[in-house]
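As stored in upload.cif (mmCIF, C-alpha atoms):
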```
data_entry
#
loop_
_atom_site.group_PDB
_atom_site.id
_atom_site.type_symbol
_atom_site.label_atom_id
_atom_site.label_comp_id
_atom_site.auth_asym_id
_atom_site.auth_seq_id
_atom_site.Cartn_x
_atom_site.Cartn_y
_atom_site.Cartn_z
ATOM 1 C CA MET A 22 0.000 0.000 0.000
ATOM 2 C CA ARG A 23 1.257 3.452 -0.889
ATOM 3 C CA GLU A 24 0.939 6.402 1.467
ATOM 4 C CA THR A 25 2.316 9.877 2.089
ATOM 5 C CA ARG A 26 3.938 11.081 5.295
ATOM 6 C CA TYR A 27 4.905 14.607 6.286
ATOM 7 C CA TYR A 28 7.966 15.797 8.166
ATOM 8 C CA GLN A 29 9.458 19.063 9.417
ATOM 9 C CA VAL A 30 13.171 19.767 9.986
ATOM 10 C CA ALA A 31 14.393 23.196 11.129
ATOM 11 C CA GLU A 32 10.836 24.461 10.532
ATOM 12 C CA HIS A 33 10.945 23.406 6.850
ATOM 13 C CA ALA A 34 8.276 20.838 5.930
ATOM 14 C CA PHE A 35 8.418 18.145 3.236
ATOM 15 C CA SER A 36 6.598 14.974 2.238
ATOM 16 C CA VAL A 37 7.613 11.441 1.262
ATOM 17 C CA SER A 38 5.289 9.169 -0.750
ATOM 18 C CA ALA A 39 6.143 5.476 -0.912
ATOM 19 C CA GLU A 40 5.043 1.906 -0.312
ATOM 20 C CA THR A 41 4.789 1.129 3.397
ATOM 21 C CA GLU A 42 7.751 -1.275 3.203
ATOM 22 C CA PHE A 43 10.009 1.672 2.395
ATOM 23 C CA LEU A 44 8.408 4.037 4.905
ATOM 24 C CA ALA A 45 9.054 1.372 7.547
ATOM 25 C CA LEU A 46 12.789 1.924 7.020
ATOM 26 C CA MET A 47 12.459 5.593 7.968
ATOM 27 C CA THR A 48 12.320 5.267 11.757
ATOM 28 C CA ASN A 49 14.874 8.093 12.146
ATOM 29 C CA TYR A 50 12.281 10.493 10.697
ATOM 30 C CA GLU A 51 9.549 9.655 13.224
ATOM 31 C CA PRO A 52 10.507 12.416 15.730
ATOM 32 C CA PHE A 53 10.054 14.929 12.883
ATOM 33 C CA GLU A 54 6.666 13.730 11.622
ATOM 34 C CA VAL A 55 3.907 16.362 11.387
ATOM 35 C CA LYS A 56 0.398 16.668 10.029
ATOM 36 C CA GLN A 57 -0.223 17.579 6.421
ATOM 37 C CA GLY A 58 0.477 21.214 5.541
ATOM 38 C CA ASP A 59 2.450 23.508 3.289
ATOM 39 C CA ARG A 60 5.658 21.870 2.112
ATOM 40 C CA LEU A 61 8.971 22.977 0.682
ATOM 41 C CA PHE A 62 9.414 19.819 -1.402
ATOM 42 C CA ASP A 63 7.885 16.409 -2.137
ATOM 43 C CA LEU A 64 9.774 13.160 -2.770
ATOM 44 C CA GLN A 65 8.359 10.053 -4.457
ATOM 45 C CA LEU A 66 10.102 6.722 -3.741
ATOM 46 C CA CYS A 67 9.967 4.345 -6.731
ATOM 47 C CA CYS A 68 11.238 0.763 -6.919
ATOM 48 C CA ASN A 69 10.845 0.555 -10.728
ATOM 49 C CA HIS A 70 14.234 1.488 -12.187
ATOM 50 C CA GLU A 71 13.834 0.114 -15.699
ATOM 51 C CA SER A 72 14.287 3.611 -17.218
ATOM 52 C CA VAL A 73 17.747 4.449 -15.934
ATOM 53 C CA PRO A 74 18.415 8.166 -16.564
ATOM 54 C CA VAL A 75 21.276 9.115 -18.858
ATOM 55 C CA ILE A 76 23.392 11.625 -16.943
ATOM 56 C CA HIS A 77 25.567 14.337 -18.410
ATOM 57 C CA GLU A 78 27.947 14.492 -15.467
ATOM 58 C CA GLU A 79 28.769 17.834 -13.815
ATOM 59 C CA LEU A 80 30.421 16.820 -10.553
ATOM 60 C CA ARG A 81 31.483 13.727 -8.622
ATOM 61 C CA GLN A 82 32.067 13.536 -4.846
ATOM 62 C CA GLU A 83 33.348 10.599 -2.781
ATOM 63 C CA ASP A 84 33.615 10.108 0.968
ATOM 64 C CA GLU A 85 34.352 6.864 2.818
ATOM 65 C CA GLY A 86 32.971 4.593 0.105
ATOM 66 C CA GLN A 87 29.935 6.739 -0.676
ATOM 67 C CA GLU A 88 29.901 8.425 -4.066
ATOM 68 C CA ILE A 89 27.480 11.002 -5.475
ATOM 69 C CA ILE A 90 27.473 11.818 -9.183
ATOM 70 C CA CYS A 91 25.572 14.960 -10.176
ATOM 71 C CA GLY A 92 24.444 15.900 -13.665
ATOM 72 C CA ARG A 93 21.481 16.540 -15.945
ATOM 73 C CA THR A 94 19.322 14.581 -18.350
ATOM 74 C CA ASP A 95 18.678 15.569 -21.967
ATOM 75 C CA ALA A 96 15.338 16.969 -20.757
ATOM 76 C CA GLY A 97 17.110 19.297 -18.296
ATOM 77 C CA GLU A 98 16.178 17.466 -15.088
ATOM 78 C CA VAL A 99 18.787 17.410 -12.336
ATOM 79 C CA VAL A 100 20.015 13.912 -11.416
ATOM 80 C CA PHE A 101 22.049 12.610 -8.487
ATOM 81 C CA GLU A 102 23.324 9.032 -8.633
ATOM 82 C CA PHE A 103 24.123 7.489 -5.242
ATOM 83 C CA ARG A 104 26.731 4.721 -5.059
ATOM 84 C CA TRP A 105 27.986 2.674 -2.134
ATOM 85 C CA TRP A 106 31.295 0.898 -2.773
ATOM 86 C CA GLN A 107 30.712 1.239 -6.532
ATOM 87 C CA GLU A 108 27.184 -0.252 -6.369
ATOM 88 C CA THR A 109 24.405 2.105 -7.465
ATOM 89 C CA ALA A 110 21.696 2.458 -4.809
ATOM 90 C CA GLY A 111 19.453 4.850 -6.735
ATOM 91 C CA TRP A 112 18.980 7.980 -8.818
ATOM 92 C CA LEU A 113 17.326 11.141 -7.515
ATOM 93 C CA VAL A 114 15.651 12.934 -10.424
ATOM 94 C CA CYS A 115 14.325 16.384 -9.569
ATOM 95 C CA THR A 116 13.280 19.766 -10.891
ATOM 96 C CA ASP A 117 15.890 22.515 -11.031
ATOM 97 C CA ARG A 118 14.195 24.348 -8.122
ATOM 98 C CA TYR A 119 14.258 21.138 -6.034
ATOM 99 C CA HIS A 120 10.582 21.310 -5.064
ATOM 100 C CA GLU A 121 9.784 17.879 -6.504
ATOM 101 C CA GLY A 122 11.822 14.720 -6.869
ATOM 102 C CA ARG A 123 11.553 11.003 -7.444
ATOM 103 C CA LEU A 124 14.040 8.430 -6.194
ATOM 104 C CA LEU A 125 14.517 5.455 -8.519
ATOM 105 C CA MET A 126 15.853 2.679 -6.280
ATOM 106 C CA THR A 127 17.810 -0.394 -7.380
ATOM 107 C CA GLY A 128 17.054 -2.526 -4.319
ATOM 108 C CA LYS A 129 20.627 -2.217 -3.033
ATOM 109 C CA HIS A 130 21.516 -0.036 -0.019
ATOM 110 C CA THR A 131 17.937 1.263 -0.008
ATOM 111 C CA LYS A 132 18.144 3.089 3.316
ATOM 112 C CA MET A 133 21.292 4.916 2.237
ATOM 113 C CA ALA A 134 19.597 5.986 -1.000
ATOM 114 C CA ILE A 135 16.548 7.364 0.835
ATOM 115 C CA ASP A 136 18.611 9.309 3.375
ATOM 116 C CA ASN A 137 20.947 10.736 0.745
ATOM 117 C CA ALA A 138 18.059 11.776 -1.496
ATOM 118 C CA LEU A 139 16.324 13.612 1.339
ATOM 119 C CA MET A 140 19.534 15.292 2.524
ATOM 120 C CA VAL A 141 20.287 16.497 -1.002
ATOM 121 C CA LEU A 142 16.765 17.801 -1.584
ATOM 122 C CA PHE A 143 16.656 19.469 1.826
ATOM 123 C CA ALA A 144 20.060 21.159 1.449
ATOM 124 C CA LEU A 145 19.320 22.475 -2.044
ATOM 125 C CA ALA A 146 15.698 23.508 -1.476
ATOM 126 C CA THR A 147 16.595 25.498 1.666
ATOM 127 C CA ALA A 148 19.873 27.074 0.502
ATOM 128 C CA ASP A 149 18.265 30.442 -0.306
ATOM 129 C CA LYS A 150 16.191 30.445 2.892
ATOM 130 C CA GLY A 151 18.878 31.171 5.466
ATOM 131 C CA THR A 152 19.365 27.455 6.088
ATOM 132 C CA VAL A 153 22.442 25.237 5.794
ATOM 133 C CA LEU A 154 23.055 21.538 6.381
ATOM 134 C CA PHE A 155 26.407 21.119 8.136
ATOM 135 C CA HIS A 156 28.870 18.268 8.394
ATOM 136 C CA ALA A 157 29.497 18.673 12.124
ATOM 137 C CA ALA A 158 28.857 17.371 15.636
ATOM 138 C CA VAL A 159 26.737 19.438 18.032
ATOM 139 C CA VAL A 160 26.232 19.364 21.789
ATOM 140 C CA SER A 161 24.019 21.477 24.026
ATOM 141 C CA HIS A 162 25.118 23.017 27.304
ATOM 142 C CA GLN A 163 23.299 25.510 29.516
ATOM 143 C CA GLY A 164 20.681 26.213 26.866
ATOM 144 C CA LYS A 165 23.028 26.795 23.919
ATOM 145 C CA GLY A 166 24.366 24.678 21.066
ATOM 146 C CA TYR A 167 28.073 24.278 20.369
ATOM 147 C CA MET A 168 29.115 23.005 16.953
ATOM 148 C CA PHE A 169 32.378 21.184 16.159
ATOM 149 C CA LEU A 170 33.670 21.266 12.564
ATOM 150 C CA GLY A 171 36.508 19.573 10.709
ATOM 151 C CA PRO A 172 37.295 17.132 7.899
ATOM 152 C CA SER A 173 36.391 13.457 8.301
ATOM 153 C CA GLY A 174 38.660 11.825 10.867
ATOM 154 C CA THR A 175 39.507 15.067 12.663
ATOM 155 C CA GLY A 176 37.739 14.010 15.849
ATOM 156 C CA LYS A 177 34.406 15.864 15.860
ATOM 157 C CA SER A 178 32.533 12.935 17.387
ATOM 158 C CA THR A 179 35.384 12.226 19.798
ATOM 159 C CA HIS A 180 35.408 15.807 21.092
ATOM 160 C CA ALA A 181 31.616 15.784 21.458
ATOM 161 C CA ARG A 182 31.899 12.588 23.528
ATOM 162 C CA LEU A 183 34.518 14.270 25.746
ATOM 163 C CA TRP A 184 32.018 17.026 26.525
ATOM 164 C CA LEU A 185 29.359 14.410 27.283
ATOM 165 C CA LYS A 186 31.706 12.528 29.603
ATOM 166 C CA TYR A 187 33.428 15.362 31.452
ATOM 167 C CA ILE A 188 31.203 18.451 31.255
ATOM 168 C CA GLU A 189 28.092 18.107 33.381
ATOM 169 C CA GLY A 190 24.811 19.088 31.776
ATOM 170 C CA THR A 191 25.940 18.360 28.203
ATOM 171 C CA GLU A 192 23.702 16.503 25.748
ATOM 172 C CA LEU A 193 24.300 15.357 22.180
ATOM 173 C CA VAL A 194 22.141 17.202 19.639
ATOM 174 C CA ASN A 195 23.447 15.587 16.442
ATOM 175 C CA ASP A 196 26.635 13.720 15.552
ATOM 176 C CA ASP A 197 27.052 14.415 11.844
ATOM 177 C CA ASN A 198 24.408 16.478 10.008
ATOM 178 C CA PRO A 199 22.852 19.297 12.052
ATOM 179 C CA VAL A 200 20.953 22.150 10.411
ATOM 180 C CA VAL A 201 21.586 25.844 11.084
ATOM 181 C CA ARG A 202 18.855 28.353 10.277
ATOM 182 C CA ILE A 203 18.789 32.143 10.451
ATOM 183 C CA SER A 204 15.249 33.415 10.980
ATOM 184 C CA ASP A 205 13.772 36.459 9.267
ATOM 185 C CA GLU A 206 14.393 38.326 12.535
ATOM 186 C CA GLY A 207 18.079 37.367 12.483
ATOM 187 C CA HIS A 208 17.958 34.721 15.228
ATOM 188 C CA ILE A 209 20.459 31.871 14.619
ATOM 189 C CA ARG A 210 19.636 28.386 15.859
ATOM 190 C CA VAL A 211 21.089 24.914 15.360
ATOM 191 C CA TYR A 212 18.638 22.039 14.914
ATOM 192 C CA GLY A 213 18.789 18.289 15.248
ATOM 193 C CA SER A 214 17.961 16.324 12.112
ATOM 194 C CA PRO A 215 16.998 12.813 10.909
ATOM 195 C CA TRP A 216 20.570 12.418 9.613
ATOM 196 C CA SER A 217 23.332 11.691 12.099
ATOM 197 C CA GLY A 218 26.008 9.536 10.466
ATOM 198 C CA LYS A 219 27.260 6.498 12.369
ATOM 199 C CA THR A 220 25.854 7.596 15.748
ATOM 200 C CA PRO A 221 22.044 7.343 15.919
ATOM 201 C CA CYS A 222 20.915 10.671 17.365
ATOM 202 C CA TYR A 223 17.669 11.873 15.784
ATOM 203 C CA ARG A 224 16.410 14.582 18.114
ATOM 204 C CA ASN A 225 13.829 17.176 17.130
ATOM 205 C CA VAL A 226 15.375 19.951 19.228
ATOM 206 C CA SER A 227 16.979 23.335 18.602
ATOM 207 C CA TYR A 228 19.224 25.776 20.467
ATOM 208 C CA PRO A 229 20.668 29.240 19.868
ATOM 209 C CA ILE A 230 24.278 28.795 18.739
ATOM 210 C CA GLY A 231 26.808 29.631 21.442
ATOM 211 C CA ALA A 232 29.921 29.098 19.290
ATOM 212 C CA ILE A 233 31.405 27.211 16.351
ATOM 213 C CA VAL A 234 34.724 25.377 16.828
ATOM 214 C CA LEU A 235 37.065 24.167 14.072
ATOM 215 C CA LEU A 236 39.033 21.140 15.308
ATOM 216 C CA SER A 237 42.564 20.108 14.361
ATOM 217 C CA GLN A 238 44.535 17.190 15.781
ATOM 218 C CA ALA A 239 47.745 18.211 17.576
ATOM 219 C CA PRO A 240 50.179 16.916 20.252
ATOM 220 C CA TYR A 241 49.053 19.784 22.508
ATOM 221 C CA ASN A 242 45.919 21.765 23.432
ATOM 222 C CA LYS A 243 45.580 25.325 22.121
ATOM 223 C CA ILE A 244 42.542 27.457 21.283
ATOM 224 C CA GLN A 245 42.282 30.837 19.574
ATOM 225 C CA ARG A 246 39.528 33.018 18.146
ATOM 226 C CA MET A 247 38.992 33.020 14.375
ATOM 227 C CA GLY A 248 37.667 35.723 12.125
ATOM 228 C CA GLY A 249 37.536 36.970 8.569
ATOM 229 C CA ILE A 250 38.613 34.738 5.692
ATOM 230 C CA HIS A 251 39.792 31.910 7.975
ATOM 231 C CA ALA A 252 36.371 31.675 9.639
ATOM 232 C CA TYR A 253 34.513 31.927 6.322
ATOM 233 C CA ALA A 254 36.659 29.190 4.715
ATOM 234 C CA SER A 255 36.161 26.892 7.710
ATOM 235 C CA LEU A 256 32.397 27.158 7.311
ATOM 236 C CA MET A 257 32.526 26.667 3.556
ATOM 237 C CA GLU A 258 34.303 23.318 3.864
ATOM 238 C CA SER A 259 31.617 21.999 6.240
ATOM 239 C CA ILE A 260 28.456 23.075 4.397
ATOM 240 C CA SER A 261 26.598 20.917 1.892
ATOM 241 C CA GLY A 262 25.579 22.665 -1.326
ATOM 242 C CA LYS A 263 25.670 22.820 -5.115
ATOM 243 C CA ARG A 264 27.835 25.914 -5.436
ATOM 244 C CA TRP A 265 27.929 26.040 -9.232
ATOM 245 C CA ASP A 266 24.218 26.952 -9.136
ATOM 246 C CA SER A 267 24.146 30.749 -8.672
ATOM 247 C CA ARG A 268 20.904 30.784 -6.622
ATOM 248 C CA ILE A 269 22.287 28.229 -4.193
ATOM 249 C CA ALA A 270 25.763 29.781 -4.074
ATOM 250 C CA ASP A 271 24.340 33.240 -3.330
ATOM 251 C CA GLY A 272 22.124 31.864 -0.563
ATOM 252 C CA LEU A 273 24.962 29.950 1.089
ATOM 253 C CA HIS A 274 27.268 32.967 0.805
ATOM 254 C CA GLN A 275 24.765 35.217 2.594
ATOM 255 C CA THR A 276 24.246 32.664 5.365
ATOM 256 C CA GLN A 277 27.987 32.105 5.845
ATOM 257 C CA ASN A 278 28.615 35.845 6.058
ATOM 258 C CA ALA A 279 25.895 36.208 8.680
ATOM 259 C CA LEU A 280 27.367 33.362 10.735
ATOM 260 C CA VAL A 281 30.904 34.784 10.608
ATOM 261 C CA MET A 282 29.632 38.180 11.698
ATOM 262 C CA SER A 283 27.292 36.970 14.452
ATOM 263 C CA VAL A 284 28.617 33.709 15.948
ATOM 264 C CA PRO A 285 31.907 33.382 17.909
ATOM 265 C CA MET A 286 34.247 31.070 15.994
ATOM 266 C CA TRP A 287 37.285 29.304 17.415
ATOM 267 C CA HIS A 288 40.125 27.068 16.227
ATOM 268 C CA LEU A 289 40.947 24.278 18.679
ATOM 269 C CA GLU A 290 44.175 22.324 18.148
ATOM 270 C CA CYS A 291 43.948 19.467 20.582
ATOM 271 C CA LEU A 292 44.545 16.035 21.961
ATOM 272 C CA PRO A 293 41.557 13.722 22.494
ATOM 273 C CA ASP A 294 41.542 14.252 26.264
ATOM 274 C CA GLU A 295 39.593 15.797 29.130
ATOM 275 C CA ALA A 296 41.856 18.851 29.242
ATOM 276 C CA ALA A 297 40.953 19.748 25.648
ATOM 277 C CA ALA A 298 37.241 19.678 26.426
ATOM 278 C CA ALA A 299 37.732 21.715 29.595
ATOM 279 C CA MET A 300 39.818 24.334 27.776
ATOM 280 C CA CYS A 301 37.300 24.587 24.954
ATOM 281 C CA LYS A 302 34.342 24.940 27.290
ATOM 282 C CA ALA A 303 36.084 27.553 29.430
ATOM 283 C CA HIS A 304 36.883 29.801 26.453
ATOM 284 C CA LEU A 305 33.472 29.410 24.847
ATOM 285 C CA VAL A 306 31.522 30.148 28.008
ATOM 286 C CA ASN A 307 33.797 33.009 29.113
ATOM 287 C CA SER A 308 33.470 34.706 25.713
ATOM 288 C CA GLU A 309 29.716 34.943 26.233
ATOM 289 C CA GLN A 310 29.999 36.742 29.573
#
```

Could you render the structure as structure tokens?
Amino acid sequence: MRETRYYQVAEHAFSVSAETEFLALMTNYEPFEVKQGDRLFDLQLCCNHESVPVIHEELRQEDEGQEIICGRTDAGEVVFEFRWWQETAGWLVCTDRYHEGRLLMTGKHTKMAIDNALMVLFALATADKGTVLFHAAVVSHQGKGYMFLGPSGTGKSTHARLWLKYIEGTELVNDDNPVVRISDEGHIRVYGSPWSGKTPCYRNVSYPIGAIVLLSQAPYNKIQRMGGIHAYASLMESISGKRWDSRIADGLHQTQNALVMSVPMWHLECLPDEAAAAMCKAHLVNSEQ
């Protein structure tokens, strides 16, 4: 039986229409389920993949065995092919404004295909709405969210766990893909999402951002404030987006500028130890006073 369910992440709503066997895989979306209403985009899940789209490739990205190939069809539709260890899991075919899409699934790595399709649609449909999907870990402490950035393997999850272990009152908000949104009034909040990498943490919560921290591994602990180009570049490397599309690039640029100007940003060179977490927390909290 086919049905439609509705979800809301960072106050942006969307729908997913699929057979119940596929919706049953989407347990990480349950905390974000809402009643029917106005939506930013709609996704159709399809198991019939006989008509494989021909892609004129524009960009290819790879990370830890996952590969995304982006391009267009002859008809001008935007296509994203999702691969896992060189096996195609599905093709997301969508309009160039990203308000509608259909996921053609191969039957392999189905859950990965669904999550990737929704992350891509969400990131691109919200890019000009003061919203960005980050590759980061986020914790909450004393009513604020603290976001840790860095390339894969830098230790974002490890540092978040150090806060959870050693800093009382800390909770994990998201371990891999939080959302940051700037409201029309200029308020900046970080939100949990249905996407959280290897650590299952799917919390429908949000907090005002207290600070953003770029992590680097080092044989010592040192923290310093960032600003200007260094801060902007650090954000750029951690934000998902299709930057060769001018509408999306302009939206992400405006959001990044607002974050650099409004949110304290720090560079933490550190060991994976309690002292690093204590130093980080002390500087972040003291800078707010």

ask   = Using all atoms listed in the file, can you list as a VMD selection string the residues within 10 Å of (38.5, 22.9, 24.7)?
value = chain A and resid 180 183 to 184 234 236 242 to 244 287 to 305

inquiry  = List as a ChimeraX atom specification the residues having at least one atom at most 12 Å from position (32.3, 15.9, -5.9) as given in the file, counting all atoms listed in the file.
reply    = /A:78-84,87-92,101-103,261-265

ask   = Could you name the residues that touch Ile260 of chain A at 7 Å or less, counting all atoms listed in the file, but leaving out those on the same chain fewer than 3 positions away, as a ChimeraX atom specification?
value = /A:153-156,256-257

task = Identify, on the basis of only C-alpha atoms, every residue whose closest approach to segment 22-36 of chain A does not exceed 9 Å; exclude the query and any residue fewer than 4 positions from it along the same chain; express the result as a PyMOL selection string.
result = chain A and resi 40-42+44+50-65+143+147+152+200-202+210-215+225-227

request  = One decimal, Å: what's the distance from atom CA of Glu121 of chain A over to atom CA of Ser204 of chain A, could you say?
outcome  =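 These two atoms are separated by 24.0 Å.
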
task = For segment 127-137 of chain A, list every protein, DNA or RNA residue within 7 Å, evaluated using all atoms listed in the file, and leave out those in the same chain fewer than 6 positions away; present the list as a PyMOL selection string.
result = chain A and resi 46+68+70+103+110-111

Explicit residue set for the PyMOL selection byres ((chain A and resi 94) around 8), as a PyMOL selection string = chain A and resi 74-77+92-93+95-100

As lines of an AutoDock Vina configuration file: centre and edge lengths in Å, one decimal, of the axis-aligned box holding segment 125-139 of chain A with 8 Å per side:
```
center_x = 18.0
center_y = 5.5
center_z = -2.6
size_x = 23.0
size_y = 32.1
size_z = 27.9
```

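Take atom CA of Gly86 of chain A and atom CA of Leu125 of chain A: the distance between them is 20.4 Å.
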
query = Quick one, how far is atom CA of Val159 of chain A from atom CA of Val194 of chain A?
reply =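 It comes out at 5.4 Å.
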